[in-house]
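For reference, structure-v2.csv is printed below; it contains CSV, C-alpha atoms.
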chain,number,residue,atom,x,y,z
A,1307,MET,CA,5.5,-3.7,64.0
A,1308,LEU,CA,8.1,-4.2,61.3
A,1309,THR,CA,8.4,-7.3,59.2
A,1310,ILE,CA,10.8,-7.9,56.3
A,1311,ARG,CA,10.1,-10.6,53.7
A,1312,SER,CA,11.4,-11.6,50.3
A,1313,ALA,CA,9.3,-10.3,47.4
A,1314,THR,CA,7.3,-12.6,45.2
A,1315,ILE,CA,6.0,-12.1,41.7
A,1316,ALA,CA,2.8,-10.8,43.2
A,1317,ASP,CA,4.8,-7.8,44.4
A,1318,CYS,CA,5.8,-6.5,40.9
A,1319,ALA,CA,3.4,-3.6,40.8
A,1320,LEU,CA,4.5,-2.5,44.3
A,1321,ILE,CA,8.2,-2.8,43.4
A,1322,ARG,CA,7.6,-0.8,40.3
A,1323,ARG,CA,5.8,1.8,42.4
A,1324,PHE,CA,8.7,1.9,44.9
A,1325,ILE,CA,11.2,2.3,42.1
A,1326,TRP,CA,9.2,5.3,40.8
A,1327,GLU,CA,8.8,6.8,44.3
A,1328,LEU,CA,12.6,6.5,44.9
A,1329,ALA,CA,13.3,8.1,41.5
A,1330,SER,CA,10.9,10.9,42.3
A,1331,TYR,CA,12.7,11.5,45.6
A,1332,GLU,CA,15.9,11.6,43.5
A,1333,LYS,CA,14.2,14.2,41.3
A,1334,GLU,CA,14.4,12.0,38.2
A,1335,PRO,CA,11.1,10.0,37.9
A,1336,GLU,CA,11.2,10.3,34.1
A,1337,LYS,CA,14.3,8.2,34.0
A,1338,VAL,CA,12.5,5.0,35.0
A,1339,GLN,CA,12.2,3.0,31.8
A,1340,THR,CA,11.4,-0.3,33.4
A,1341,THR,CA,7.8,-1.6,33.4
A,1342,GLU,CA,6.0,-3.9,35.8
A,1343,ALA,CA,6.5,-6.6,33.1
A,1344,ASP,CA,10.2,-6.0,33.1
A,1345,ILE,CA,10.4,-6.4,36.9
A,1346,ALA,CA,8.4,-9.6,36.6
A,1347,ARG,CA,10.7,-11.1,33.9
A,1348,ASP,CA,14.0,-9.8,35.3
A,1349,GLY,CA,13.3,-10.4,39.0
A,1350,PHE,CA,11.1,-13.5,39.1
A,1351,GLY,CA,11.7,-15.3,35.8
A,1352,VAL,CA,14.1,-18.2,34.8
A,1353,ASP,CA,17.1,-15.9,34.6
A,1354,SER,CA,16.6,-13.8,37.7
A,1355,GLN,CA,18.7,-10.6,37.7
A,1356,PHE,CA,18.1,-9.3,41.2
A,1357,ARG,CA,16.5,-10.0,44.6
A,1358,THR,CA,14.0,-7.8,46.5
A,1359,LEU,CA,13.1,-7.5,50.2
A,1360,ILE,CA,9.9,-5.8,51.2
A,1361,ALA,CA,9.5,-4.0,54.6
A,1362,GLU,CA,6.0,-3.8,56.0
A,1363,TRP,CA,5.0,-1.7,59.0
A,1364,ASN,CA,1.8,-3.1,60.5
A,1365,ALA,CA,1.2,-5.0,57.2
A,1366,GLU,CA,1.5,-1.7,55.2
A,1367,PRO,CA,4.2,-1.6,52.5
A,1368,ALA,CA,6.8,0.7,53.9
A,1369,GLY,CA,10.0,0.2,51.8
A,1370,PHE,CA,12.2,-2.1,49.9
A,1371,ALA,CA,15.8,-3.2,49.1
A,1372,LEU,CA,16.8,-4.5,45.7
A,1373,PHE,CA,20.2,-6.1,45.3
A,1374,PHE,CA,22.2,-8.5,43.1
A,1375,ASP,CA,25.6,-10.2,42.9
A,1376,TYR,CA,28.7,-8.0,42.2
A,1377,TYR,CA,32.3,-8.9,41.7
A,1378,SER,CA,35.3,-6.8,42.7
A,1379,THR,CA,38.7,-7.9,41.4
A,1380,TRP,CA,40.2,-6.5,44.6
A,1381,ARG,CA,37.7,-7.9,47.1
A,1382,GLY,CA,36.0,-10.9,45.4
A,1383,LYS,CA,32.3,-11.6,45.7
A,1384,GLY,CA,29.9,-9.0,47.1
A,1385,PHE,CA,26.5,-7.5,46.6
A,1386,TYR,CA,25.4,-4.4,44.8
A,1387,LEU,CA,22.5,-2.6,46.6
A,1388,GLU,CA,20.8,-0.9,43.7
A,1389,ASP,CA,17.9,0.5,45.6
A,1390,LEU,CA,17.1,1.1,49.3
A,1391,PHE,CA,14.0,3.1,50.0
A,1392,VAL,CA,11.6,3.9,52.8
A,1393,ARG,CA,8.4,5.8,52.2
A,1394,PRO,CA,8.5,9.3,53.8
A,1395,GLU,CA,5.6,8.5,56.2
A,1396,PHE,CA,7.5,5.5,57.6
A,1397,ARG,CA,10.9,7.2,58.1
A,1398,GLY,CA,12.6,7.6,61.5
A,1399,ARG,CA,11.7,4.0,62.7
A,1400,GLY,CA,14.9,2.2,61.7
A,1401,ILE,CA,13.3,0.6,58.7
A,1402,GLY,CA,16.1,1.6,56.3
A,1403,SER,CA,18.8,0.2,58.5
A,1404,ALA,CA,16.8,-2.9,59.2
A,1405,LEU,CA,16.5,-3.6,55.4
A,1406,PHE,CA,20.2,-2.9,55.1
A,1407,ALA,CA,21.0,-5.3,58.0
A,1408,ARG,CA,19.0,-8.0,56.3
A,1409,VAL,CA,21.1,-7.6,53.1
A,1410,ALA,CA,24.3,-7.7,55.2
A,1411,ARG,CA,23.1,-10.9,56.8
A,1412,ALA,CA,22.5,-12.4,53.4
A,1413,ALA,CA,26.0,-11.4,52.4
A,1414,GLU,CA,27.5,-13.0,55.5
A,1415,GLN,CA,25.5,-16.2,54.9
A,1416,GLU,CA,26.5,-16.5,51.3
A,1417,GLY,CA,30.2,-15.7,51.7
A,1418,ARG,CA,30.1,-12.2,50.1
A,1419,SER,CA,32.5,-9.8,51.7
A,1420,PHE,CA,31.1,-6.4,50.9
A,1421,ILE,CA,28.1,-4.4,49.9
A,1422,LYS,CA,28.5,-1.6,47.4
A,1423,TRP,CA,26.0,1.0,46.4
A,1424,SER,CA,25.6,4.6,45.2
A,1425,VAL,CA,24.2,7.7,46.8
A,1426,LEU,CA,23.3,11.2,45.5
A,1427,ASP,CA,25.8,13.7,46.9
A,1428,TRP,CA,23.0,16.0,48.2
A,1429,ASN,CA,21.2,13.2,50.0
A,1430,THR,CA,22.5,14.1,53.4
A,1431,PRO,CA,20.1,12.0,55.5
A,1432,ALA,CA,21.1,8.8,53.6
A,1433,ILE,CA,24.8,9.7,53.7
A,1434,ASN,CA,24.6,10.2,57.5
A,1435,MET,CA,22.9,6.9,58.0
A,1436,TYR,CA,25.5,5.1,55.8
A,1437,LYS,CA,28.4,6.9,57.8
A,1438,ALA,CA,26.8,5.7,61.1
A,1439,LEU,CA,27.0,2.2,59.7
A,1440,GLY,CA,30.7,2.5,59.0
A,1441,ALA,CA,30.5,2.9,55.2
A,1442,GLU,CA,33.5,3.9,53.2
A,1443,PHE,CA,32.9,6.6,50.5
A,1444,LEU,CA,34.8,6.1,47.3
A,1445,ASP,CA,35.1,9.9,46.6
A,1446,GLU,CA,38.0,9.5,44.1
A,1447,TRP,CA,35.8,7.4,41.8
A,1448,THR,CA,33.2,8.6,39.3
A,1449,SER,CA,30.7,6.3,37.7
A,1450,ALA,CA,30.2,6.4,33.9
A,1451,LEU,CA,27.6,4.9,31.6
A,1452,LEU,CA,27.4,4.1,27.9
A,1453,ALA,CA,23.9,3.5,26.5
A,1454,GLY,CA,21.7,4.1,23.5
A,1455,ASP,CA,23.3,5.3,20.2
A,1456,SER,CA,26.7,5.6,21.8
A,1457,LEU,CA,26.6,1.9,22.8
A,1458,ARG,CA,25.3,0.8,19.4
A,1459,GLN,CA,28.0,2.8,17.6
A,1460,LEU,CA,30.7,1.2,19.8
A,1461,ALA,CA,29.2,-2.3,19.2
A,1462,ASP,CA,29.3,-1.7,15.4
A,1463,LYS,CA,32.9,-0.6,15.6
A,1464,ASP,CA,33.7,-4.2,16.8
A,1465,LEU,CA,32.0,-5.6,13.7
A,1466,VAL,CA,34.1,-3.4,11.4
A,1467,GLU,CA,37.3,-4.5,13.2
A,1468,ARG,CA,36.4,-8.2,12.8
A,1469,ASP,CA,35.6,-7.8,9.1
A,1470,SER,CA,38.8,-6.0,8.2
B,700,MET,CA,48.2,-7.6,14.9
B,701,LEU,CA,45.5,-7.4,17.6
B,702,THR,CA,43.3,-10.4,18.6
B,703,ILE,CA,40.7,-10.5,21.3
B,704,ARG,CA,39.6,-13.8,22.8
B,705,SER,CA,37.6,-15.1,25.8
B,706,ALA,CA,39.8,-16.1,28.7
B,707,THR,CA,40.0,-19.7,29.8
B,708,ILE,CA,41.0,-21.2,33.2
B,709,ALA,CA,44.5,-21.4,31.8
B,710,ASP,CA,44.6,-17.5,31.9
B,711,CYS,CA,44.1,-17.2,35.7
B,712,ALA,CA,47.7,-16.3,36.5
B,713,LEU,CA,47.7,-13.7,33.7
B,714,ILE,CA,44.4,-12.2,34.8
B,715,ARG,CA,45.6,-12.0,38.4
B,716,ARG,CA,48.7,-10.3,37.1
B,717,PHE,CA,46.7,-7.8,35.0
B,718,ILE,CA,44.5,-7.0,38.0
B,719,TRP,CA,47.6,-6.3,40.0
B,720,GLU,CA,49.1,-4.1,37.2
B,721,LEU,CA,45.9,-2.1,37.0
B,722,ALA,CA,45.8,-1.6,40.7
B,723,SER,CA,49.4,-0.5,40.6
B,724,TYR,CA,48.6,2.1,37.9
B,725,GLU,CA,45.7,3.1,40.2
B,726,LYS,CA,48.3,3.5,43.1
B,727,GLU,CA,46.6,0.9,45.3
B,728,PRO,CA,48.3,-2.5,44.5
B,729,GLU,CA,48.0,-3.5,48.2
B,730,LYS,CA,44.2,-3.5,47.9
B,731,VAL,CA,44.2,-6.6,45.7
B,732,GLN,CA,43.0,-9.4,48.1
B,733,THR,CA,42.0,-11.9,45.4
B,734,THR,CA,44.3,-14.8,44.6
B,735,GLU,CA,44.8,-16.8,41.4
B,736,ALA,CA,42.7,-19.5,43.1
B,737,ASP,CA,39.9,-17.0,43.7
B,738,ILE,CA,40.0,-16.0,40.0
B,739,ALA,CA,39.8,-19.6,39.0
B,740,ARG,CA,36.9,-20.4,41.2
B,741,ASP,CA,34.9,-17.2,40.7
B,742,GLY,CA,35.5,-16.8,37.0
B,743,PHE,CA,35.7,-20.3,35.7
B,744,GLY,CA,33.9,-22.5,38.2
B,745,VAL,CA,30.3,-23.8,38.4
B,746,ASP,CA,28.9,-20.4,39.7
B,747,SER,CA,30.8,-18.1,37.5
B,748,GLN,CA,30.7,-14.4,38.6
B,749,PHE,CA,32.3,-12.7,35.7
B,750,ARG,CA,33.6,-12.9,32.1
B,751,THR,CA,37.1,-11.9,30.9
B,752,LEU,CA,38.4,-10.9,27.5
B,753,ILE,CA,42.1,-11.0,26.7
B,754,ALA,CA,43.7,-8.8,24.1
B,755,GLU,CA,46.9,-10.0,22.4
B,756,TRP,CA,49.2,-8.0,20.2
B,757,ASN,CA,51.3,-10.3,18.0
B,758,ALA,CA,50.4,-13.1,20.4
B,759,GLU,CA,51.7,-11.1,23.4
B,760,PRO,CA,49.2,-10.5,26.3
B,761,ALA,CA,48.5,-6.7,26.0
B,762,GLY,CA,45.3,-6.1,28.1
B,763,PHE,CA,42.0,-7.4,29.4
B,764,ALA,CA,38.4,-6.5,30.1
B,765,LEU,CA,36.5,-8.1,33.0
B,766,PHE,CA,32.7,-7.6,33.2
B,767,PHE,CA,29.5,-9.1,34.6
B,768,ASP,CA,25.7,-8.7,34.6
B,769,TYR,CA,24.3,-5.6,36.3
B,770,TYR,CA,20.7,-4.5,36.8
B,771,SER,CA,19.4,-0.9,36.9
B,772,THR,CA,15.9,-0.4,38.1
B,773,TRP,CA,15.7,2.6,35.7
B,774,ARG,CA,17.3,1.0,32.6
B,775,GLY,CA,16.9,-2.8,33.1
B,776,LYS,CA,19.7,-5.3,32.2
B,777,GLY,CA,23.2,-4.0,31.6
B,778,PHE,CA,26.8,-5.0,32.1
B,779,TYR,CA,29.2,-3.7,34.7
B,780,LEU,CA,32.8,-3.3,33.4
B,781,GLU,CA,34.9,-3.9,36.5
B,782,ASP,CA,38.3,-3.7,34.8
B,783,LEU,CA,39.6,-2.4,31.5
B,784,PHE,CA,43.4,-2.3,31.2
B,785,VAL,CA,46.1,-2.1,28.5
B,786,ARG,CA,49.7,-2.5,29.5
B,787,PRO,CA,51.7,0.7,29.1
B,788,GLU,CA,53.9,-0.6,26.3
B,789,PHE,CA,50.8,-1.5,24.2
B,790,ARG,CA,48.9,1.8,24.6
B,791,GLY,CA,48.1,4.2,21.7
B,792,ARG,CA,47.0,1.3,19.4
B,793,GLY,CA,43.3,1.3,20.0
B,794,ILE,CA,43.4,-1.8,22.2
B,795,GLY,CA,41.4,-0.3,25.0
B,796,SER,CA,38.6,0.8,22.7
B,797,ALA,CA,38.7,-2.5,20.8
B,798,LEU,CA,38.2,-4.4,24.1
B,799,PHE,CA,35.4,-2.0,25.1
B,800,ALA,CA,33.8,-2.4,21.6
B,801,ARG,CA,33.8,-6.2,22.2
B,802,VAL,CA,31.9,-5.7,25.5
B,803,ALA,CA,29.5,-3.4,23.8
B,804,ARG,CA,28.9,-6.0,21.1
B,805,ALA,CA,28.2,-8.7,23.7
B,806,ALA,CA,25.7,-6.3,25.4
B,807,GLU,CA,23.9,-5.7,22.1
B,808,GLN,CA,23.8,-9.4,21.3
B,809,GLU,CA,22.4,-10.3,24.8
B,810,GLY,CA,19.8,-7.5,25.0
B,811,ARG,CA,21.7,-5.5,27.6
B,812,SER,CA,21.0,-1.8,27.1
B,813,PHE,CA,24.0,-0.2,28.9
B,814,ILE,CA,27.5,-0.6,30.2
B,815,LYS,CA,28.4,1.0,33.6
B,816,TRP,CA,31.9,1.4,35.1
B,817,SER,CA,33.9,3.5,37.4
B,818,VAL,CA,37.0,5.7,36.7
B,819,LEU,CA,39.4,7.5,39.0
B,820,ASP,CA,38.8,11.2,38.8
B,821,TRP,CA,42.6,11.9,38.1
B,822,ASN,CA,42.8,9.3,35.2
B,823,THR,CA,42.5,11.9,32.5
B,824,PRO,CA,43.6,9.6,29.6
B,825,ALA,CA,40.9,7.1,30.4
B,826,ILE,CA,38.2,9.8,31.0
B,827,ASN,CA,39.1,11.4,27.6
B,828,MET,CA,38.7,8.0,25.8
B,829,TYR,CA,35.4,7.4,27.5
B,830,LYS,CA,34.1,10.9,26.6
B,831,ALA,CA,35.1,10.3,23.0
B,832,LEU,CA,33.0,7.1,23.0
B,833,GLY,CA,30.0,9.2,24.2
B,834,ALA,CA,30.0,8.1,27.9
B,835,GLU,CA,27.8,9.9,30.4
B,836,PHE,CA,29.5,10.7,33.7
B,837,LEU,CA,27.3,10.4,36.8
B,838,ASP,CA,29.0,13.2,38.7
B,839,GLU,CA,26.2,13.6,41.2
B,840,TRP,CA,26.6,10.1,42.5
B,841,THR,CA,29.1,8.8,45.0
B,842,SER,CA,29.9,5.1,45.5
B,843,ALA,CA,30.0,3.6,49.0
B,844,LEU,CA,31.2,0.3,50.4
B,845,LEU,CA,30.5,-1.6,53.6
B,846,ALA,CA,32.9,-4.4,54.4
B,847,GLY,CA,34.8,-6.1,57.2
B,848,ASP,CA,33.8,-5.4,60.8
B,849,SER,CA,31.2,-2.9,59.8
B,850,LEU,CA,29.5,-5.4,57.6
B,851,ARG,CA,29.6,-8.1,60.3
B,852,GLN,CA,28.2,-5.7,62.9
B,853,LEU,CA,25.3,-4.8,60.6
B,854,ALA,CA,24.6,-8.4,59.8
B,855,ASP,CA,24.6,-9.2,63.6
B,856,LYS,CA,22.1,-6.3,64.1
B,857,ASP,CA,19.6,-8.3,61.9
B,858,LEU,CA,20.0,-11.3,64.2
B,859,VAL,CA,19.2,-9.3,67.3
B,860,GLU,CA,16.1,-7.8,65.6
B,861,ARG,CA,14.8,-11.2,64.7
B,862,ASP,CA,15.4,-12.6,68.2
B,863,SER,CA,13.5,-9.7,69.9

Rewritten as structure tokens:
Amino acid sequence: MLTIRSATIADCALIRRFIWELASYEKEPEKVQTTEADIARDGFGVDSQFRTLIAEWNAEPAGFALFFDYYSTWRGKGFYLEDLFVRPEFRGRGIGSALFARVARAAEQEGRSFIKWSVLDWNTPAINMYKALGAEFLDEWTSALLAGDSLRQLADKDLVERDS
Amino acid sequence: MLTIRSATIADCALIRRFIWELASYEKEPEKVQTTEADIARDGFGVDSQFRTLIAEWNAEPAGFALFFDYYSTWRGKGFYLEDLFVRPEFRGRGIGSALFARVARAAEQEGRSFIKWSVLDWNTPAINMYKALGAEFLDEWTSALLAGDSLRQLADKDLVERDS
């Protein structure tokens, strides 16, 4: 039997494990820099950055969804679904779409008009599930990221401009 | 002379105009569903969803940057840069990178380790600017969106599951 519940701070080790398992499925486990302590502080502290749902199958942890507020200047308030993951041994039981449906329900209840997320272009099973749900794929758009030294250099450029 | 300042609620009409001008440059002005009242409520109300910087050139409104908190389960706390726009007549003066630098400075000051954003794959001038800043392009990832009837149908699916 499937149950879906909101995560608590007692779930931080499990959430960190899920994040790592998803990154491993995505072939980039070494990219996970967050620790269990980060998850505790950022998900369950005074300035919470995200919400997490845990799916259990016969009381066994089977998967999770992690999401947060997002704003589109075209569409207004939405959610960003950062992670949606079901452990391989629990797949094929509708757990992924049940987690997604719970996020959709939260969006509707809170007046948020869309859910946005990203998918790896070779992850055909996920893409097919999303297509079946009616997702629109934003193929014309590419995501970009600035971090580390590049971010610091750009931040320092702002200081120079203010001094001059 | 360039100045960059935080927007106030008095800037809502200007911000809505900038959003529309950017969407027009992106060839989808009809996609802008947000109104000036939405911008006022969502950007400057009690539950603010985003922050906006305004660039002025000799006191003329020249461009804007609009961003909000974002969370990566790999990298932790970051910003999402939803919009970065400079009016055509003010381009070539470094205003775009100055706005971006100000967002980078805010990230550094607030302990946020990255900035993420999206760019249209045909927008070569923007892509070249981002590459020059050291941006990483996440070419393997595609963004997807669920909205409207598809979102409502999925939300209703959650109700059915809870009833059964």

* Just the residues within 12 Å of B:Leu765, please, counting all atoms listed in the file, with nothing from its chain fewer than 2 positions along; format it as a PyMOL selection string. => (chain A and resi 1377-1379) or (chain B and resi 705-706+714-715+717-718+721+738+742+748-754+762-763+767-768+778-784+798-799+801-802+816)

*Record the distance separating atom CA of B:Leu844 and atom CA of A:Ala1329, expressed in Å with one decimal.*
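Atom-to-atom, atom CA of B:Leu844 to atom CA of A:Ala1329, that is 21.5 Å.
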
Atomic distance atom CA of B:Gly793 - atom CA of B:Ala764, expressed in Å with one decimal: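 Result for atom CA of B:Gly793 versus atom CA of B:Ala764: 13.7 Å, one decimal.
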
Chain B proximity check over A:Ala1412, A:Val1338, A:Ile1433, A:Val1352, using all atoms listed in the file: winner is A:Val1338

Expressed to one decimal, the C-alpha RMSD of chain A after its least-squares fit on chain B over all C-alpha atoms in order is 0.1 Å

request  = Kindly indicate which residue among B:Gly847, B:Gly775, B:Gly744, B:Pro760 lies nearest to B:Ile703, using only C-alpha atoms for the distances.
outcome  =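 Closest candidate: B:Pro760.
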
*Counting all atoms listed in the file, what is within 8 Å of B:Gly810, bar same-chain residues fewer than 3 positions away, as a list in words?*
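The neighbour list is Lys776, Ala806 and Glu807 of chain B.
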
One decimal place gives the atom CA of B:Ile708-atom CA of B:Phe743 separation as 5.9 Å

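Minimum atom-to-atom distance to chain B, evaluated using all atoms listed in the file, belongs to A:Trp1380 out of A:Trp1380, A:Trp1428, A:Phe1396, A:Tyr1436.
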
Find the residues around B:Ala803 up to 12 Å (all atoms listed in the file counted), leave out those fewer than 4 positions away in its own chain, and share them as a compact mmCIF listing (two decimals) with C-alpha atoms, keeping the file's coordinate frame.
# COMPACT_ATOMS: atom_id res chain seq x y z
CA LEU A 1451 27.60 4.90 31.60
CA LEU A 1452 27.40 4.10 27.90
CA ALA A 1453 23.90 3.50 26.50
CA GLY A 1454 21.70 4.10 23.50
CA ASP A 1455 23.30 5.30 20.20
CA SER A 1456 26.70 5.60 21.80
CA LEU A 1457 26.60 1.90 22.80
CA ARG A 1458 25.30 0.80 19.40
CA GLN A 1459 28.00 2.80 17.60
CA LEU A 1460 30.70 1.20 19.80
CA ALA A 1461 29.20 -2.30 19.20
CA ASP A 1462 29.30 -1.70 15.40
CA LYS A 1463 32.90 -0.60 15.60
CA ASP A 1464 33.70 -4.20 16.80
CA LEU A 1465 32.00 -5.60 13.70
CA ALA B 764 38.40 -6.50 30.10
CA PHE B 766 32.70 -7.60 33.20
CA GLY B 777 23.20 -4.00 31.60
CA PHE B 778 26.80 -5.00 32.10
CA TYR B 779 29.20 -3.70 34.70
CA LEU B 780 32.80 -3.30 33.40
CA SER B 796 38.60 0.80 22.70
CA ALA B 797 38.70 -2.50 20.80
CA LEU B 798 38.20 -4.40 24.10
CA PHE B 799 35.40 -2.00 25.10
CA GLU B 807 23.90 -5.70 22.10
CA GLN B 808 23.80 -9.40 21.30
CA GLU B 809 22.40 -10.30 24.80
CA GLY B 810 19.80 -7.50 25.00
CA ARG B 811 21.70 -5.50 27.60
CA SER B 812 21.00 -1.80 27.10
CA PHE B 813 24.00 -0.20 28.90
CA ILE B 814 27.50 -0.60 30.20
CA LYS B 815 28.40 1.00 33.60
CA LEU B 832 33.00 7.10 23.00

From the set A:Thr1448, A:Arg1397, A:Met1307, A:Ser1354, which residue has the shortest atom-to-atom contact distance to A:Leu1426, counting only C-alpha atoms?
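Looking at the shortest contact to A:Leu1426, the residue is A:Thr1448.
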
Exercise for the section: Between A:Gly1398, A:Asp1344, A:Glu1327, A:Glu1332, single out the one closest to chain B, counting only C-alpha atoms. Expected result: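 Closest to chain B, using only C-alpha atoms: A:Asp1344.
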